[in-house]
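run13.txt (compact mmCIF, N, CA and C atoms)
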```
# COMPACT_ATOMS: atom_id res chain seq x y z
N MET X 1 102.66 103.79 91.53
CA MET X 1 103.19 102.43 91.60
C MET X 1 102.66 101.75 92.85
N ASN X 2 102.15 100.56 92.70
CA ASN X 2 101.55 99.82 93.80
C ASN X 2 102.62 99.06 94.57
N PRO X 3 102.84 99.38 95.86
CA PRO X 3 103.87 98.68 96.63
C PRO X 3 103.43 97.28 97.06
N PHE X 4 102.15 96.94 96.86
CA PHE X 4 101.66 95.63 97.23
C PHE X 4 101.66 94.75 95.99
N LYS X 5 102.46 93.70 96.02
CA LYS X 5 102.61 92.83 94.86
C LYS X 5 102.35 91.39 95.28
N LEU X 6 101.47 90.71 94.55
CA LEU X 6 101.26 89.30 94.77
C LEU X 6 102.14 88.58 93.77
N HIS X 7 103.08 87.79 94.26
CA HIS X 7 104.06 87.15 93.39
C HIS X 7 103.63 85.75 93.02
N THR X 8 103.97 85.39 91.81
CA THR X 8 103.81 84.03 91.33
C THR X 8 105.17 83.59 90.79
N ILE X 9 105.26 82.36 90.38
CA ILE X 9 106.51 81.87 89.82
C ILE X 9 106.93 82.72 88.62
N GLU X 10 105.98 83.14 87.79
CA GLU X 10 106.29 83.92 86.60
C GLU X 10 106.82 85.31 86.93
N SER X 11 106.47 85.87 88.10
CA SER X 11 106.90 87.23 88.41
C SER X 11 108.17 87.26 89.26
N ALA X 12 108.77 86.11 89.47
CA ALA X 12 110.02 86.07 90.23
C ALA X 12 111.11 86.80 89.46
N PRO X 13 112.16 87.25 90.15
CA PRO X 13 113.23 87.99 89.48
C PRO X 13 113.85 87.21 88.33
N ALA X 14 114.12 87.91 87.24
CA ALA X 14 114.72 87.27 86.07
C ALA X 14 116.08 86.68 86.42
N GLY X 15 116.41 85.58 85.79
CA GLY X 15 117.71 84.96 85.98
C GLY X 15 117.81 84.16 87.26
N ARG X 16 116.71 83.94 87.92
CA ARG X 16 116.73 83.22 89.19
C ARG X 16 116.16 81.81 89.07
N GLY X 17 115.98 81.33 87.83
CA GLY X 17 115.57 79.94 87.65
C GLY X 17 114.07 79.72 87.69
N PHE X 18 113.27 80.76 87.76
CA PHE X 18 111.83 80.58 87.84
C PHE X 18 111.13 80.87 86.52
N GLN X 19 111.85 81.34 85.52
CA GLN X 19 111.25 81.62 84.22
C GLN X 19 110.99 80.29 83.53
N SER X 20 109.93 80.24 82.76
CA SER X 20 109.58 79.01 82.08
C SER X 20 110.33 78.94 80.75
N ARG X 21 111.42 78.24 80.73
CA ARG X 21 112.26 78.14 79.54
C ARG X 21 111.68 77.11 78.57
N GLY X 22 111.62 77.48 77.30
CA GLY X 22 111.18 76.53 76.28
C GLY X 22 109.68 76.30 76.26
N MET X 23 108.91 77.03 77.03
CA MET X 23 107.47 76.83 77.07
C MET X 23 106.81 77.87 76.16
N GLY X 24 105.95 77.43 75.26
CA GLY X 24 105.27 78.35 74.35
C GLY X 24 104.33 79.27 75.11
N ASP X 25 104.01 80.41 74.47
CA ASP X 25 103.15 81.40 75.11
C ASP X 25 101.78 80.83 75.47
N ALA X 26 101.19 80.04 74.57
CA ALA X 26 99.85 79.48 74.83
C ALA X 26 99.89 78.54 76.04
N ARG X 27 100.91 77.71 76.10
CA ARG X 27 101.03 76.77 77.23
C ARG X 27 101.30 77.53 78.53
N ARG X 28 102.14 78.58 78.46
CA ARG X 28 102.45 79.39 79.63
C ARG X 28 101.18 80.06 80.15
N LEU X 29 100.36 80.63 79.24
CA LEU X 29 99.12 81.28 79.62
C LEU X 29 98.17 80.28 80.26
N SER X 30 98.09 79.09 79.69
CA SER X 30 97.24 78.04 80.24
C SER X 30 97.69 77.67 81.66
N LEU X 31 99.00 77.53 81.84
CA LEU X 31 99.55 77.20 83.15
C LEU X 31 99.24 78.29 84.16
N LEU X 32 99.43 79.55 83.76
CA LEU X 32 99.15 80.66 84.67
C LEU X 32 97.68 80.75 85.02
N GLN X 33 96.79 80.48 84.05
CA GLN X 33 95.36 80.51 84.33
C GLN X 33 95.00 79.39 85.30
N THR X 34 95.61 78.23 85.13
CA THR X 34 95.36 77.12 86.04
C THR X 34 95.81 77.47 87.45
N LEU X 35 96.99 78.10 87.57
CA LEU X 35 97.50 78.48 88.88
C LEU X 35 96.65 79.56 89.53
N ALA X 36 95.96 80.37 88.71
CA ALA X 36 95.17 81.48 89.24
C ALA X 36 93.82 81.03 89.78
N ILE X 37 93.39 79.82 89.46
CA ILE X 37 92.09 79.33 89.93
C ILE X 37 92.22 78.99 91.41
N PRO X 38 91.44 79.67 92.28
CA PRO X 38 91.56 79.40 93.71
C PRO X 38 91.06 78.00 94.04
N SER X 39 91.73 77.36 94.96
CA SER X 39 91.31 76.05 95.45
C SER X 39 91.00 76.18 96.93
N GLN X 40 90.38 75.18 97.47
CA GLN X 40 90.09 75.20 98.91
C GLN X 40 91.37 75.32 99.70
N GLU X 41 92.43 74.64 99.25
CA GLU X 41 93.71 74.67 99.97
C GLU X 41 94.26 76.10 99.99
N THR X 42 94.24 76.78 98.86
CA THR X 42 94.74 78.15 98.79
C THR X 42 93.89 79.08 99.64
N GLU X 43 92.57 78.92 99.59
CA GLU X 43 91.68 79.79 100.33
C GLU X 43 91.83 79.60 101.84
N SER X 44 92.23 78.42 102.28
CA SER X 44 92.35 78.18 103.71
C SER X 44 93.71 78.59 104.26
N MET X 45 94.63 78.98 103.38
CA MET X 45 95.96 79.38 103.83
C MET X 45 95.93 80.78 104.43
N SER X 46 96.70 80.99 105.47
CA SER X 46 96.87 82.32 106.02
C SER X 46 97.73 83.13 105.07
N GLU X 47 97.48 84.43 104.99
CA GLU X 47 98.21 85.29 104.08
C GLU X 47 99.66 85.47 104.53
N ILE X 48 100.58 85.36 103.60
CA ILE X 48 102.00 85.56 103.86
C ILE X 48 102.36 86.95 103.36
N THR X 49 102.95 87.75 104.24
CA THR X 49 103.39 89.09 103.88
C THR X 49 104.88 89.19 104.15
N ILE X 50 105.60 89.76 103.17
CA ILE X 50 107.04 89.94 103.33
C ILE X 50 107.38 91.41 103.10
N TYR X 51 108.02 92.01 104.08
CA TYR X 51 108.45 93.40 104.02
C TYR X 51 109.90 93.41 103.55
N THR X 52 110.18 94.15 102.47
CA THR X 52 111.48 94.08 101.82
C THR X 52 112.06 95.45 101.52
N LYS X 53 113.31 95.42 101.06
CA LYS X 53 113.98 96.57 100.46
C LYS X 53 114.61 96.07 99.16
N LYS X 54 114.83 96.98 98.21
CA LYS X 54 115.26 96.61 96.85
C LYS X 54 116.55 95.80 96.78
N HIS X 55 117.62 96.27 97.37
CA HIS X 55 118.93 95.65 97.17
C HIS X 55 119.32 94.77 98.35
N CYS X 56 118.37 94.00 98.82
CA CYS X 56 118.57 93.14 100.00
C CYS X 56 118.66 91.69 99.53
N ALA X 57 119.84 91.09 99.68
CA ALA X 57 120.04 89.71 99.23
C ALA X 57 119.14 88.73 99.97
N TYR X 58 118.96 88.91 101.28
CA TYR X 58 118.10 88.00 102.04
C TYR X 58 116.64 88.15 101.63
N CYS X 59 116.23 89.36 101.23
CA CYS X 59 114.86 89.57 100.74
C CYS X 59 114.64 88.77 99.46
N ILE X 60 115.61 88.84 98.56
CA ILE X 60 115.53 88.09 97.30
C ILE X 60 115.49 86.60 97.57
N GLU X 61 116.34 86.12 98.47
CA GLU X 61 116.37 84.69 98.82
C GLU X 61 115.04 84.24 99.43
N ALA X 62 114.47 85.05 100.30
CA ALA X 62 113.19 84.70 100.93
C ALA X 62 112.08 84.61 99.89
N LYS X 63 112.05 85.56 98.97
CA LYS X 63 111.02 85.53 97.91
C LYS X 63 111.22 84.32 97.01
N MET X 64 112.47 84.01 96.69
CA MET X 64 112.75 82.83 95.86
C MET X 64 112.32 81.55 96.57
N LEU X 65 112.58 81.47 97.87
CA LEU X 65 112.20 80.27 98.63
C LEU X 65 110.68 80.10 98.65
N LEU X 66 109.97 81.18 98.93
CA LEU X 66 108.50 81.10 98.93
C LEU X 66 107.97 80.72 97.55
N SER X 67 108.50 81.35 96.51
CA SER X 67 108.06 81.06 95.14
C SER X 67 108.36 79.62 94.76
N SER X 68 109.52 79.12 95.15
CA SER X 68 109.90 77.75 94.80
C SER X 68 108.98 76.73 95.47
N ARG X 69 108.37 77.11 96.58
CA ARG X 69 107.43 76.23 97.28
C ARG X 69 105.99 76.44 96.82
N GLY X 70 105.80 77.37 95.87
CA GLY X 70 104.46 77.64 95.37
C GLY X 70 103.58 78.39 96.36
N LEU X 71 104.22 79.11 97.28
CA LEU X 71 103.47 79.84 98.30
C LEU X 71 103.26 81.29 97.86
N PRO X 72 102.01 81.70 97.63
CA PRO X 72 101.76 83.09 97.24
C PRO X 72 102.03 84.02 98.42
N PHE X 73 102.55 85.19 98.13
CA PHE X 73 102.84 86.15 99.19
C PHE X 73 102.62 87.56 98.68
N GLN X 74 102.43 88.45 99.63
CA GLN X 74 102.29 89.86 99.33
C GLN X 74 103.58 90.54 99.75
N GLU X 75 104.22 91.24 98.81
CA GLU X 75 105.45 91.95 99.11
C GLU X 75 105.13 93.42 99.34
N ILE X 76 105.67 93.97 100.41
CA ILE X 76 105.52 95.39 100.70
C ILE X 76 106.91 95.98 100.81
N SER X 77 107.19 96.93 99.92
CA SER X 77 108.50 97.58 99.90
C SER X 77 108.55 98.66 100.96
N LEU X 78 109.49 98.53 101.88
CA LEU X 78 109.65 99.55 102.92
C LEU X 78 110.30 100.81 102.36
N GLU X 79 110.91 100.71 101.20
CA GLU X 79 111.45 101.91 100.55
C GLU X 79 110.32 102.76 99.97
N GLU X 80 109.28 102.09 99.50
CA GLU X 80 108.13 102.80 98.95
C GLU X 80 107.13 103.20 100.04
N ARG X 81 107.22 102.57 101.20
CA ARG X 81 106.31 102.86 102.31
C ARG X 81 107.11 103.06 103.60
N PRO X 82 107.97 104.09 103.66
CA PRO X 82 108.85 104.27 104.83
C PRO X 82 108.10 104.48 106.14
N GLU X 83 106.85 104.91 106.06
CA GLU X 83 106.07 105.11 107.29
C GLU X 83 105.77 103.79 108.00
N LEU X 84 105.96 102.67 107.32
CA LEU X 84 105.69 101.36 107.92
C LEU X 84 106.88 100.77 108.67
N VAL X 85 108.07 101.33 108.50
CA VAL X 85 109.28 100.75 109.09
C VAL X 85 109.15 100.58 110.59
N ALA X 86 108.79 101.63 111.31
CA ALA X 86 108.68 101.56 112.77
C ALA X 86 107.61 100.56 113.19
N GLU X 87 106.49 100.54 112.47
CA GLU X 87 105.41 99.61 112.80
C GLU X 87 105.85 98.15 112.62
N VAL X 88 106.51 97.87 111.51
CA VAL X 88 106.98 96.49 111.24
C VAL X 88 107.99 96.07 112.29
N MET X 89 108.92 96.94 112.62
CA MET X 89 109.94 96.61 113.61
C MET X 89 109.32 96.39 114.99
N ALA X 90 108.29 97.15 115.31
CA ALA X 90 107.60 96.97 116.60
C ALA X 90 106.83 95.65 116.62
N ARG X 91 106.17 95.32 115.52
CA ARG X 91 105.39 94.07 115.44
C ARG X 91 106.29 92.84 115.50
N SER X 92 107.46 92.92 114.87
CA SER X 92 108.33 91.75 114.79
C SER X 92 109.35 91.69 115.92
N VAL X 93 109.57 92.78 116.61
CA VAL X 93 110.59 92.92 117.65
C VAL X 93 111.98 92.58 117.09
N GLN X 94 112.18 92.86 115.82
CA GLN X 94 113.46 92.66 115.16
C GLN X 94 113.76 93.88 114.32
N ARG X 95 115.04 94.09 114.02
CA ARG X 95 115.45 95.26 113.26
C ARG X 95 116.10 94.88 111.93
N THR X 96 115.80 93.71 111.43
CA THR X 96 116.40 93.25 110.18
C THR X 96 115.35 93.17 109.07
N ILE X 97 115.84 93.10 107.86
CA ILE X 97 115.00 92.96 106.67
C ILE X 97 115.47 91.70 105.96
N PRO X 98 114.60 90.88 105.43
CA PRO X 98 113.16 91.02 105.36
C PRO X 98 112.48 90.66 106.68
N GLN X 99 111.25 91.06 106.79
CA GLN X 99 110.40 90.62 107.89
C GLN X 99 109.22 89.91 107.25
N ILE X 100 108.97 88.70 107.73
CA ILE X 100 107.94 87.84 107.14
C ILE X 100 106.88 87.56 108.19
N PHE X 101 105.63 87.71 107.77
CA PHE X 101 104.49 87.45 108.65
C PHE X 101 103.56 86.45 107.98
N VAL X 102 102.98 85.57 108.79
CA VAL X 102 101.88 84.72 108.35
C VAL X 102 100.68 85.21 109.15
N GLY X 103 99.75 85.82 108.45
CA GLY X 103 98.67 86.51 109.14
C GLY X 103 99.28 87.62 109.97
N SER X 104 99.02 87.63 111.25
CA SER X 104 99.60 88.66 112.12
C SER X 104 100.83 88.15 112.89
N GLN X 105 101.18 86.87 112.69
CA GLN X 105 102.30 86.28 113.42
C GLN X 105 103.62 86.51 112.71
N SER X 106 104.59 87.05 113.44
CA SER X 106 105.92 87.29 112.90
C SER X 106 106.68 85.97 112.81
N ILE X 107 107.26 85.73 111.63
CA ILE X 107 108.10 84.56 111.42
C ILE X 107 109.55 84.92 111.65
N GLY X 108 109.92 86.15 111.30
CA GLY X 108 111.30 86.62 111.39
C GLY X 108 111.81 86.93 110.01
N GLY X 109 113.08 86.66 109.76
CA GLY X 109 113.71 86.94 108.48
C GLY X 109 113.91 85.68 107.67
N PHE X 110 114.86 85.74 106.73
CA PHE X 110 115.12 84.61 105.86
C PHE X 110 115.58 83.38 106.62
N THR X 111 116.47 83.54 107.57
CA THR X 111 117.00 82.40 108.31
C THR X 111 115.88 81.65 109.03
N GLU X 112 115.00 82.39 109.70
CA GLU X 112 113.89 81.77 110.42
C GLU X 112 112.90 81.13 109.45
N LEU X 113 112.66 81.80 108.31
CA LEU X 113 111.77 81.24 107.30
C LEU X 113 112.30 79.90 106.81
N SER X 114 113.59 79.87 106.46
CA SER X 114 114.21 78.66 105.95
C SER X 114 114.14 77.53 106.98
N ARG X 115 114.45 77.84 108.22
CA ARG X 115 114.40 76.84 109.29
C ARG X 115 112.98 76.32 109.48
N ASN X 116 112.01 77.23 109.50
CA ASN X 116 110.62 76.82 109.73
C ASN X 116 110.04 76.03 108.56
N ILE X 117 110.50 76.31 107.35
CA ILE X 117 110.07 75.49 106.21
C ILE X 117 110.68 74.11 106.31
N SER X 118 111.95 74.03 106.65
CA SER X 118 112.65 72.74 106.75
C SER X 118 112.05 71.82 107.80
N ASN X 119 111.64 72.39 108.94
CA ASN X 119 111.13 71.53 110.01
C ASN X 119 109.60 71.39 110.01
N GLY X 120 108.92 71.96 108.99
CA GLY X 120 107.48 71.78 108.85
C GLY X 120 106.62 72.75 109.63
N VAL X 121 107.23 73.61 110.42
CA VAL X 121 106.46 74.57 111.23
C VAL X 121 105.75 75.58 110.34
N PHE X 122 106.43 76.04 109.29
CA PHE X 122 105.85 77.07 108.42
C PHE X 122 104.58 76.58 107.75
N GLU X 123 104.58 75.36 107.26
CA GLU X 123 103.39 74.79 106.60
C GLU X 123 102.22 74.76 107.57
N ALA X 124 102.47 74.37 108.81
CA ALA X 124 101.42 74.34 109.82
C ALA X 124 100.85 75.74 110.08
N LEU X 125 101.73 76.74 110.11
CA LEU X 125 101.29 78.11 110.34
C LEU X 125 100.42 78.62 109.19
N THR X 126 100.75 78.26 107.97
CA THR X 126 99.99 78.74 106.82
C THR X 126 98.63 78.06 106.71
N GLN X 127 98.45 76.93 107.35
CA GLN X 127 97.18 76.21 107.28
C GLN X 127 96.21 76.61 108.39
N GLN X 128 96.62 77.46 109.31
CA GLN X 128 95.76 77.86 110.42
C GLN X 128 94.71 78.83 109.96
```
Can I see the file as structure tokens?
Amino acid sequence: MNPFKLHTIESAPAGRGFQSRGMGDARRLSLLQTLAIPSQETESMSEITIYTKKHCAYCIEAKMLLSSRGLPFQEISLEERPELVAEVMARSVQRTIPQIFVGSQSIGGFTELSRNISNGVFEALTQQ
């Protein structure tokens, strides 16, 4: 099982409002193919990485927030990769989950992510 997952709106958790209701399979496939075509904007974005655990409400909220903004991210499960826990905690200087990074810069957890998205700081970080 691959612990590295690139999430899209379609792969968001079921029942969280991201499923395409009433959309036919052909239209859904067309939409997903359109979203998969890289653009200059996507290519210039710094990679977003989120370190999570399975039953973490803030992890789910952070992933939902990123997905709702159309921001692709790589999820790394610390349950599947326990050897990374100490490294992530040292890099972020925090002991909470989730831990979110843009490139090598620590953003913090869900609260910091939400605040930085609201005040425009997060968008600036992803464009560097």
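Separating atom CA of Arg91 of chain X from atom CA of Ser106 of chain X is a distance of 7.3 Å.
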task = Could you jot down the atom N of Pro82 of chain X to atom CA of Phe101 of chain X separation for me, Å, one decimal place?
result =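 Between atom N of Pro82 of chain X and atom CA of Phe101 of chain X the gap works out to 17.7 Å.
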ask   = Which is closer to Gln105 of chain X than all the others in X:Leu66, X:Leu125, X:Glu61, X:Glu75, using only C-alpha atoms?
value =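 Nearest candidate to Gln105 of chain X out of X:Leu66, X:Leu125, X:Glu61, X:Glu75: X:Leu125.
With all atoms listed in the file as the atoms that count, the residue of X:Thr111, X:Asn119, X:Thr126, X:Glu79 with the shortest distance to Ala62 of chain X is X:Thr111.
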task = May I ask for the distance between atom N of Gln74 of chain X and atom C of Ser118 of chain X, given in Å to one decimal place?
result = 20.9 Å
message = Neighbouring residues of Lys53 of chain X were defined as those with any atom within 6.5 Å, considering all atoms listed in the file; residues of the same chain fewer than 6 positions away were excluded. Please report them as a ChimeraX atom specification.
response = /X:59,76-79,97-98
Selection above as a file: N, CA and C atoms, as a PDB file, keeping the file's coordinate frame:
```pdb
ATOM      1  N   CYS X  59     116.230  89.360 101.230  1.00  0.00           N
ATOM      2  CA  CYS X  59     114.860  89.570 100.740  1.00  0.00           C
ATOM      3  C   CYS X  59     114.640  88.770  99.460  1.00  0.00           C
ATOM      4  N   ILE X  76     105.670  93.970 100.410  1.00  0.00           N
ATOM      5  CA  ILE X  76     105.520  95.390 100.700  1.00  0.00           C
ATOM      6  C   ILE X  76     106.910  95.980 100.810  1.00  0.00           C
ATOM      7  N   SER X  77     107.190  96.930  99.920  1.00  0.00           N
ATOM      8  CA  SER X  77     108.500  97.580  99.900  1.00  0.00           C
ATOM      9  C   SER X  77     108.550  98.660 100.960  1.00  0.00           C
ATOM     10  N   LEU X  78     109.490  98.530 101.880  1.00  0.00           N
ATOM     11  CA  LEU X  78     109.650  99.550 102.920  1.00  0.00           C
ATOM     12  C   LEU X  78     110.300 100.810 102.360  1.00  0.00           C
ATOM     13  N   GLU X  79     110.910 100.710 101.200  1.00  0.00           N
ATOM     14  CA  GLU X  79     111.450 101.910 100.550  1.00  0.00           C
ATOM     15  C   GLU X  79     110.320 102.760  99.970  1.00  0.00           C
ATOM     16  N   ILE X  97     115.840  93.100 107.860  1.00  0.00           N
ATOM     17  CA  ILE X  97     115.000  92.960 106.670  1.00  0.00           C
ATOM     18  C   ILE X  97     115.470  91.700 105.960  1.00  0.00           C
ATOM     19  N   PRO X  98     114.600  90.880 105.430  1.00  0.00           N
ATOM     20  CA  PRO X  98     113.160  91.020 105.360  1.00  0.00           C
ATOM     21  C   PRO X  98     112.480  90.660 106.680  1.00  0.00           C
TER      22      PRO X  98
END
```
request  = Using only C-alpha atoms, pick whichever of X:Lys63, X:Gly120, X:Glu80, X:Gly108 has the shortest atom-to-atom distance to Val93 of chain X.
outcome  =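 Among X:Lys63, X:Gly120, X:Glu80, X:Gly108, it is X:Gly108 that comes nearest to Val93 of chain X.
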